[in-house]
Amino acid sequence: MTGRWWAAIQTKLFPNPIDGALTLLIAGGGAFLLLPLLRWVLIDATFAGKTRSDCNGIGACWVLIHARSDQFLYGFYPAAERWRVILAGILLALTVIALAWRGMPRRGAVLAAAFVLLPPIGIWLLYGGLGLPTVETREWGGLMLTVF
């Protein structure tokens, strides 16, 4: 099996001397660019701390990503109501998983029900009303808003 794998690589990347030289040149250029990037992103990066002043200035500053992760995920959505965002996400994920299952009985009916029911349920969960506190759309943001 190893022989077939190597033969396929030779056929695709080194079919003739010019293509082989181009493959090596592009791979070398990629390594030339990728290694410093990996060093900046991972090796010299700062992961621990609370503020920007904790960063070393040499590598990436992941401190702010960690400190602002809630804002990246939820925007300014109130912390006490974030369970609603999580529930809406779970409903969406379960629906997508169910619809991805090719052997699902009555798949067309489930798809139609998802298109009819998920938007109002999502709006009710995220915006509020009917027993849930209202969360104005100006407080929405982050990944939650992108997915919605």
# chains A, B, ... in the order shown; residues from 1 in each chain; ligands from 1
>>> select_by_dssp(residues="chain A", states="helix (DSSP H, G or I)", output="ChimeraX atom specification")
/A:2-13,17-43,52-54,63-67,69-74,79-100,107-127,137-139,142-147
>>> residues_around(residues="Tyr127 of chain A", least_positions_apart="5", cutoff="12 Å", atoms="only C-alpha atoms", output="PDB file with N, CA, C and O atoms, in the first residue's frame")
ATOM      1  N   TYR A  77     -25.065  40.041  24.769  1.00  0.00           N
ATOM      2  CA  TYR A  77     -26.241  39.323  25.262  1.00  0.00           C
ATOM      3  C   TYR A  77     -26.086  39.125  26.769  1.00  0.00           C
ATOM      4  O   TYR A  77     -25.009  38.733  27.232  1.00  0.00           O
ATOM      5  N   PRO A  78     -27.133  39.393  27.554  1.00  0.00           N
ATOM      6  CA  PRO A  78     -27.005  39.279  29.014  1.00  0.00           C
ATOM      7  C   PRO A  78     -26.568  37.879  29.452  1.00  0.00           C
ATOM      8  O   PRO A  78     -27.070  36.873  28.955  1.00  0.00           O
ATOM      9  N   GLU A  81     -29.107  35.256  30.463  1.00  0.00           N
ATOM     10  CA  GLU A  81     -30.017  34.755  29.421  1.00  0.00           C
ATOM     11  C   GLU A  81     -29.300  33.970  28.326  1.00  0.00           C
ATOM     12  O   GLU A  81     -29.913  33.573  27.346  1.00  0.00           O
ATOM     13  N   ARG A  82     -28.038  33.711  28.489  1.00  0.00           N
ATOM     14  CA  ARG A  82     -27.279  33.006  27.445  1.00  0.00           C
ATOM     15  C   ARG A  82     -27.710  31.565  27.271  1.00  0.00           C
ATOM     16  O   ARG A  82     -27.424  30.950  26.253  1.00  0.00           O
ATOM     17  N   ARG A  84     -30.531  30.697  26.563  1.00  0.00           N
ATOM     18  CA  ARG A  84     -31.441  30.733  25.416  1.00  0.00           C
ATOM     19  C   ARG A  84     -30.665  30.600  24.107  1.00  0.00           C
ATOM     20  O   ARG A  84     -31.101  29.905  23.177  1.00  0.00           O
ATOM     21  N   VAL A  85     -29.522  31.254  24.024  1.00  0.00           N
ATOM     22  CA  VAL A  85     -28.669  31.159  22.829  1.00  0.00           C
ATOM     23  C   VAL A  85     -28.171  29.727  22.673  1.00  0.00           C
ATOM     24  O   VAL A  85     -28.184  29.163  21.575  1.00  0.00           O
ATOM     25  N   ALA A  88     -31.045  27.498  21.518  1.00  0.00           N
ATOM     26  CA  ALA A  88     -31.324  27.714  20.091  1.00  0.00           C
ATOM     27  C   ALA A  88     -30.251  27.042  19.231  1.00  0.00           C
ATOM     28  O   ALA A  88     -30.564  26.427  18.204  1.00  0.00           O
ATOM     29  N   PRO A 119     -37.520  29.173  12.596  1.00  0.00           N
ATOM     30  CA  PRO A 119     -37.389  30.634  12.694  1.00  0.00           C
ATOM     31  C   PRO A 119     -38.210  31.264  13.823  1.00  0.00           C
ATOM     32  O   PRO A 119     -37.656  32.032  14.613  1.00  0.00           O
ATOM     33  N   PRO A 120     -39.500  30.945  13.977  1.00  0.00           N
ATOM     34  CA  PRO A 120     -40.215  31.581  15.088  1.00  0.00           C
ATOM     35  C   PRO A 120     -39.715  31.133  16.458  1.00  0.00           C
ATOM     36  O   PRO A 120     -39.659  31.936  17.395  1.00  0.00           O
ATOM     37  N   ILE A 121     -39.316  29.869  16.582  1.00  0.00           N
ATOM     38  CA  ILE A 121     -38.779  29.398  17.861  1.00  0.00           C
ATOM     39  C   ILE A 121     -37.458  30.107  18.150  1.00  0.00           C
ATOM     40  O   ILE A 121     -37.212  30.546  19.284  1.00  0.00           O
ATOM     41  N   GLY A 122     -36.607  30.249  17.124  1.00  0.00           N
ATOM     42  CA  GLY A 122     -35.344  30.947  17.297  1.00  0.00           C
ATOM     43  C   GLY A 122     -35.536  32.405  17.683  1.00  0.00           C
ATOM     44  O   GLY A 122     -34.869  32.924  18.582  1.00  0.00           O
ATOM     45  N   LEU A 132     -40.590  35.153  28.308  1.00  0.00           N
ATOM     46  CA  LEU A 132     -39.143  35.360  28.364  1.00  0.00           C
ATOM     47  C   LEU A 132     -38.843  36.856  28.346  1.00  0.00           C
ATOM     48  O   LEU A 132     -39.498  37.613  27.625  1.00  0.00           O
ATOM     49  N   PRO A 133     -37.852  37.295  29.122  1.00  0.00           N
ATOM     50  CA  PRO A 133     -37.476  38.710  29.073  1.00  0.00           C
ATOM     51  C   PRO A 133     -36.981  39.093  27.680  1.00  0.00           C
ATOM     52  O   PRO A 133     -36.321  38.306  27.009  1.00  0.00           O
ATOM     53  N   THR A 134     -37.305  40.297  27.254  1.00  0.00           N
ATOM     54  CA  THR A 134     -36.880  40.782  25.944  1.00  0.00           C
ATOM     55  C   THR A 134     -35.401  41.156  25.976  1.00  0.00           C
ATOM     56  O   THR A 134     -34.943  41.821  26.890  1.00  0.00           O
ATOM     57  N   VAL A 135     -34.683  40.717  24.945  1.00  0.00           N
ATOM     58  CA  VAL A 135     -33.285  41.102  24.752  1.00  0.00           C
ATOM     59  C   VAL A 135     -33.248  41.839  23.419  1.00  0.00           C
ATOM     60  O   VAL A 135     -33.453  41.246  22.365  1.00  0.00           O
ATOM     61  N   GLU A 136     -33.003  43.139  23.483  1.00  0.00           N
ATOM     62  CA  GLU A 136     -32.992  43.959  22.273  1.00  0.00           C
ATOM     63  C   GLU A 136     -31.895  43.499  21.315  1.00  0.00           C
ATOM     64  O   GLU A 136     -30.836  43.041  21.740  1.00  0.00           O
ATOM     65  N   THR A 137     -32.149  43.661  20.032  1.00  0.00           N
ATOM     66  CA  THR A 137     -31.201  43.194  19.023  1.00  0.00           C
ATOM     67  C   THR A 137     -29.872  43.945  19.080  1.00  0.00           C
ATOM     68  O   THR A 137     -28.865  43.427  18.631  1.00  0.00           O
ATOM     69  N   ARG A 138     -29.843  45.143  19.658  1.00  0.00           N
ATOM     70  CA  ARG A 138     -28.573  45.875  19.775  1.00  0.00           C
ATOM     71  C   ARG A 138     -27.607  45.161  20.719  1.00  0.00           C
ATOM     72  O   ARG A 138     -26.420  45.428  20.712  1.00  0.00           O
ATOM     73  N   GLU A 139     -28.118  44.233  21.541  1.00  0.00           N
ATOM     74  CA  GLU A 139     -27.269  43.467  22.459  1.00  0.00           C
ATOM     75  C   GLU A 139     -26.775  42.166  21.832  1.00  0.00           C
ATOM     76  O   GLU A 139     -25.947  41.479  22.416  1.00  0.00           O
ATOM     77  N   TRP A 140     -27.306  41.828  20.674  1.00  0.00           N
ATOM     78  CA  TRP A 140     -26.874  40.617  19.993  1.00  0.00           C
ATOM     79  C   TRP A 140     -25.527  40.866  19.334  1.00  0.00           C
ATOM     80  O   TRP A 140     -25.170  41.985  19.012  1.00  0.00           O
ATOM     81  N   LEU A 145     -24.866  35.875  16.502  1.00  0.00           N
ATOM     82  CA  LEU A 145     -25.537  36.655  15.481  1.00  0.00           C
ATOM     83  C   LEU A 145     -25.159  36.156  14.092  1.00  0.00           C
ATOM     84  O   LEU A 145     -26.011  36.090  13.208  1.00  0.00           O
ATOM     85  N   PHE A 148     -27.213  33.011  13.531  1.00  0.00           N
ATOM     86  CA  PHE A 148     -28.634  33.313  13.396  1.00  0.00           C
ATOM     87  C   PHE A 148     -28.900  33.948  12.043  1.00  0.00           C
ATOM     88  O   PHE A 148     -29.820  33.655  11.367  1.00  0.00           O
TER      89      PHE A 148
END
>>> residues_around(residues="Leu73 of chain A", least_positions_apart="2", cutoff="8 Å", atoms="only C-alpha atoms", output="list in words")
Ser69, Asp70, Gln71, Gly75, Gly141, Gly142, Leu143 and Met144 of chain A
>>> atom_distance(atom1="atom CA of Phe72 of chain A", atom2="atom CA of Leu87 of chain A")
17.7 Å
>>> residues_around(residues="Arg39 of chain A", least_positions_apart="6", cutoff="10 Å", atoms="only C-alpha atoms", output="ChimeraX atom specification")
/A:45,58-60
>>> write_last_selection(atoms="N, CA and C atoms", output="PDB file, in the first residue's frame")
ATOM      1  N   ALA A  45       3.979  33.113  21.401  1.00  0.00           N
ATOM      2  CA  ALA A  45       2.709  33.745  21.782  1.00  0.00           C
ATOM      3  C   ALA A  45       2.545  33.789  23.303  1.00  0.00           C
ATOM      4  N   ILE A  58       6.370  39.884  21.378  1.00  0.00           N
ATOM      5  CA  ILE A  58       7.138  39.132  20.387  1.00  0.00           C
ATOM      6  C   ILE A  58       6.207  38.300  19.509  1.00  0.00           C
ATOM      7  N   GLY A  59       5.292  37.581  20.157  1.00  0.00           N
ATOM      8  CA  GLY A  59       4.379  36.715  19.433  1.00  0.00           C
ATOM      9  C   GLY A  59       2.948  37.215  19.538  1.00  0.00           C
ATOM     10  N   ALA A  60       2.038  36.376  19.099  1.00  0.00           N
ATOM     11  CA  ALA A  60       0.618  36.720  19.146  1.00  0.00           C
ATOM     12  C   ALA A  60       0.159  36.891  20.586  1.00  0.00           C
TER      13      ALA A  60
END
>>> closest_residue(among="A:Leu94, A:Ile9, A:Ile65, A:Ile18", to="Thr46 of chain A", atoms="only C-alpha atoms")
A:Ile65
>>> residues_around(residues="His66 of chain A", least_positions_apart="4", cutoff="9 Å", atoms="only C-alpha atoms", output="PyMOL selection string")
chain A and resi 47-48+50+62+70
